[in-house]
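Have a look at the structure below before the remarks.
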Amino acid sequence: KETSSLRILFININPRPGWTKEKTLITFPMGLCYVISETVRSGYEYDLIDLRVQPKTNDEIKEILVHKKYDVIGLGTLTHSYYIVKPMIEMIKEVLPNSIVVVGNSIASSQPEFLMRTTKTDIAVIGEGEKTFIEILKRISSGKDLGGLKGILYKDGKQIIRETSRSPVANLDDKGFPMWDIFDMEAYIQ
């Protein structure tokens with residue numbers, strides 16, 4: 001297993017930030033669970049802010065960011081939550097301008113160029129993110145550039161570079177089993 005001193009934060013976006021788990025159905029973030037599970041299996045430590053289960057104000061999120069000074073922040077959501085993601089990334093970059101913001105899920109896969117042009121996203125992951133995210137972490141921790149890394153768009157200065165696509169996993173049994181206990185499963189079950 002590879003270990004790293006990178007400080008990694010995942011943020012699970014709540015698409016209805018004014019609604020609490022008591023007011024609405026919250027769906028389980030399966031894709032994020034797979035990405036975090038692979039991150040753990042690869043020897044990296046992480047923190048998670050799950051806004052679907054424990055809503056936080058922007059000031060509370062800023063306090064967490066300032067306290068931990070994360071190097072890499074991963075988040076993703078569906079396209080309709082762009083209105084949440086754009087100011088969230090703006091806030092992250094205001095507090096931690098040198099952090100690397102990696103965005104996945106359909107908000108990155110469906111309109112990656114738009115996301116990269118209109119937000120301060122550093123890297124957009126297209127398609128399945130488990131292997132891609134680990135390769136991103138390896139490149140960051142070793143100081144290598146992102147050139148040639150399949151399945152991403154990234155910024156190089158003011159230029160947006162799109163790499164070739166990564167083939168999806170053909171056999172789901174080849175994916176590691178999700179580590180359910182990463183999340184508050186009781187909250188999702190309720």
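Ligands are numbered from 1 in the order shown, chains are lettered A, B, ... in the order of the structure tokens, and residues start at 1 in each chain.
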
Next on the checklist: Among stretch 44-152 of chain A, which residues does DSSP mark as strand (DSSP E) when it is run on the backbone? Keep the chain and numbering as in the structure and answer as a count of residues only.
Outcome noted: 18

Item to check | Within 9 Å of A:Thr119 using only C-alpha atoms, minus same-chain residues under 6 positions, as a PyMOL selection string | outcome: chain A and resi 85-87+89-90

Item to check | Residues near A:Lys62, cut-off 10 Å, only C-alpha atoms, skip fewer than 3 positions along chain, as a PyMOL selection string | outcome: chain A and resi 56-59+65-67+91-92+94-96

Could you save the residues just selected, with N, CA, C and O atoms, as a CSV table (one decimal), in the first residue's frame?
chain,number,residue,atom,x,y,z
A,56,LYS,N,-23.9,21.8,7.5
A,56,LYS,CA,-23.0,22.7,8.1
A,56,LYS,C,-23.1,24.1,7.4
A,56,LYS,O,-23.4,24.1,6.2
A,57,THR,N,-22.9,25.1,8.1
A,57,THR,CA,-22.9,26.5,7.5
A,57,THR,C,-21.6,26.6,6.8
A,57,THR,O,-20.6,25.9,7.1
A,58,ASN,N,-21.5,27.7,6.0
A,58,ASN,CA,-20.3,28.0,5.3
A,58,ASN,C,-19.2,28.3,6.3
A,58,ASN,O,-18.0,28.0,6.1
A,59,ASP,N,-19.5,29.0,7.4
A,59,ASP,CA,-18.6,29.4,8.4
A,59,ASP,C,-18.0,28.1,9.1
A,59,ASP,O,-16.8,28.0,9.4
A,65,LEU,N,-11.7,23.8,7.1
A,65,LEU,CA,-10.7,24.0,6.1
A,65,LEU,C,-9.4,24.7,6.7
A,65,LEU,O,-8.3,24.3,6.5
A,66,VAL,N,-9.7,25.8,7.5
A,66,VAL,CA,-8.5,26.5,8.1
A,66,VAL,C,-7.8,25.6,9.1
A,66,VAL,O,-6.5,25.7,9.1
A,67,HIS,N,-8.5,24.9,9.9
A,67,HIS,CA,-7.9,24.1,10.9
A,67,HIS,C,-7.0,23.0,10.3
A,67,HIS,O,-5.9,22.7,10.8
A,91,MET,N,-15.4,29.2,-2.2
A,91,MET,CA,-15.1,29.4,-0.7
A,91,MET,C,-13.8,28.6,-0.4
A,91,MET,O,-12.9,29.0,0.3
A,92,ILE,N,-13.7,27.3,-0.9
A,92,ILE,CA,-12.5,26.5,-0.7
A,92,ILE,C,-11.3,27.2,-1.1
A,92,ILE,O,-10.3,27.3,-0.4
A,94,GLU,N,-10.8,30.4,-1.6
A,94,GLU,CA,-10.6,31.6,-0.8
A,94,GLU,C,-9.8,31.3,0.4
A,94,GLU,O,-8.9,32.0,0.8
A,95,VAL,N,-10.2,30.2,1.1
A,95,VAL,CA,-9.6,29.8,2.3
A,95,VAL,C,-8.3,29.0,2.1
A,95,VAL,O,-7.3,29.3,2.8
A,96,LEU,N,-8.2,28.2,1.1
A,96,LEU,CA,-7.0,27.4,0.8
A,96,LEU,C,-6.7,27.5,-0.7
A,96,LEU,O,-6.9,26.6,-1.5

Next on the checklist: Need the shell around A:Val101: protein/DNA/RNA residues with any atom at most 7 Å away, counting only C-alpha atoms. Skip same-chain ones fewer than 3 positions apart. Format as a VMD selection string?
Outcome noted: chain A and resid 72 to 74 121 to 123

Checklist entry - Suppose you want the space between atom CA of A:Ser110 and atom CA of A:His80; what is it in Å? => result 11.0 Å

Next on the checklist: For a test of reading the model, state the distance in Å between atom CA of A:Gly143 and atom CA of A:Ser5, rounded to one decimal.
Outcome noted: 12.8 Å

Next on the checklist: DSSP on the backbone, alpha helix (DSSP H) only: what residues of stretch 5-103 of chain A does that give? Format it as an MDAnalysis selection string.
Outcome noted: chainID A and resid 30:41 58:68 82:95

Next on the checklist: Measuring between only C-alpha atoms, which one of A:Leu6, A:Ile64, A:Asn98, A:Lys175 shows the shortest distance to A:Ile136?
Outcome noted: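 Using only C-alpha atoms, the shortest distance to A:Ile136 belongs to A:Leu6.
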
Checklist entry - Using only C-alpha atoms, which of the listed residues (A:Phe177, A:Tyr188, A:Phe10, A:Tyr70) sits closest to A:Arg41? => result A:Phe177

Checklist entry - Neighbours of A:Ser81 within 12 Å (only C-alpha atoms; same-chain residues fewer than 3 positions away dropped), as an NGL selection string? => result :A and (12-17 or 75-78 or 84-88 or 105-108 or 115)

Checklist entry - Which is closer to A:Val102 than all the others in A:Glu63, A:Ser141, A:Asp173, A:Leu153, using only C-alpha atoms? => result A:Leu153

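Atom CA of A:Pro55 is found 15.2 Å from atom CA of A:Phe28.
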
Item to check | Pick from A:Glu135, A:Asp174, A:Asp71, A:Asp184 nearest to A:Ile49, counting only C-alpha atoms | outcome: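 So, comparing all the options, the nearest one is A:Asp184.
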
Checklist entry - Contacts of A:Leu149 at 12 Å or less, counting only C-alpha atoms, minus same-chain residues fewer than 6 places along, as number ranges by chain? => result A: 123-126, 131-140, 161-166
